[in-house]
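Have a look at the structure below before the remarks.
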Amino acid sequence: MSFELYCGDRQAAIAPHEDFIFSFVIDDPRFPGLNELWQQYYADPTISPAQANALVHELLLLKDTLDSATWARTQVVGDRLLSFFSAAYREQQVIRCTSD
């Protein structure tokens with residue numbers, strides 16, 4: 001089952017085959033928000049607008065950090081999350097998450 005994210009009338013998901021994106025940031029101090037999200041992955045976390053903004057910047061840093069071939073494998077989920085987190089911040093809405 002997916003990790004579902006809800007924000008107002010928006011919805012996004014991280015499919016089970018996409019959660020590998022977290023393998024690039026585990027225990028890396030440059031990605032505290034992504035690490036926290038991974039640690040809370042099965043605890044149905046909420047994400048504040050400020051946290052969503054920080055996650056946008058961490059995903060952009062991840063994109064800059066990975067080589068182009070590796071980012072290409074993560075681009076679909078990465079771009080989806082960038083857009084979703086950015087919208088949550090711009091609209092100042094809390095994100096609710098659910099997982100199994």
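Residue numbering restarts at 1 for every chain of the structure tokens, chains are lettered A, B, ... in their displayed order, and ligands are numbered from 1 as they appear.
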Requested in this report: May I have the residues within 7 Å of A:Asn53 as a list in words, using only C-alpha atoms and disregarding those fewer than 5 positions away in the same chain?
Outcome: Phe85, Ser86 and Tyr89 of chain A
Export C-alpha atoms of the chosen residues as a PDB file, in the first residue's frame?
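Okay, part.pdb is ready:
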ATOM      1  CA  PHE A  85       5.013  20.134  -0.693  1.00  0.00           C
ATOM      2  CA  SER A  86       5.366  23.459  -2.499  1.00  0.00           C
ATOM      3  CA  TYR A  89       3.505  25.725   1.771  1.00  0.00           C
TER       4      TYR A  89
END
Report task. Identify all residues of chain A in alpha helix (DSSP H) (DSSP on the backbone) and supply them as a ChimeraX atom specification. Result -> /A:32-39,49-65,68-90
Requested in this report: Enumerate the residues of chain A with a DSSP assignment of strand (DSSP E or B), computed from the backbone, and present them as a PyMOL selection string.
Outcome: chain A and resi 3-7+10-14+46-47+95-98
Query - Who sits within 10 Å of A:Ile21, only C-alpha atoms, same chain under 6 positions skipped, as a PyMOL selection string - result: chain A and resi 14+34+38+59+62+70-71+73-75+77-78
I need the residues from that last selection saved to file as a PDB file, in the first residue's frame (with C-alpha atoms), if you can.
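part.pdb, written as the output of this step:
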ATOM      1  CA  ILE A  14       4.621   7.405  -2.473  1.00  0.00           C
ATOM      2  CA  LEU A  34      13.301  13.719   4.911  1.00  0.00           C
ATOM      3  CA  TRP A  38      11.077   8.311   6.876  1.00  0.00           C
ATOM      4  CA  LEU A  59      14.422  17.576  -2.257  1.00  0.00           C
ATOM      5  CA  LEU A  62      18.904  15.859  -3.128  1.00  0.00           C
ATOM      6  CA  THR A  70      20.306   8.355 -10.236  1.00  0.00           C
ATOM      7  CA  TRP A  71      18.026  11.392 -10.171  1.00  0.00           C
ATOM      8  CA  ARG A  73      15.282   7.007 -11.367  1.00  0.00           C
ATOM      9  CA  THR A  74      13.817   9.206  -8.618  1.00  0.00           C
ATOM     10  CA  GLN A  75      12.489  12.016 -10.797  1.00  0.00           C
ATOM     11  CA  VAL A  77       8.401  10.658  -7.217  1.00  0.00           C
ATOM     12  CA  GLY A  78      10.762  13.559  -6.544  1.00  0.00           C
TER      13      GLY A  78
END
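Distance check against A:Phe24 using only C-alpha atoms: of A:Ser48, A:Ser99, A:Thr65, A:Gln93, the minimum falls on A:Thr65.
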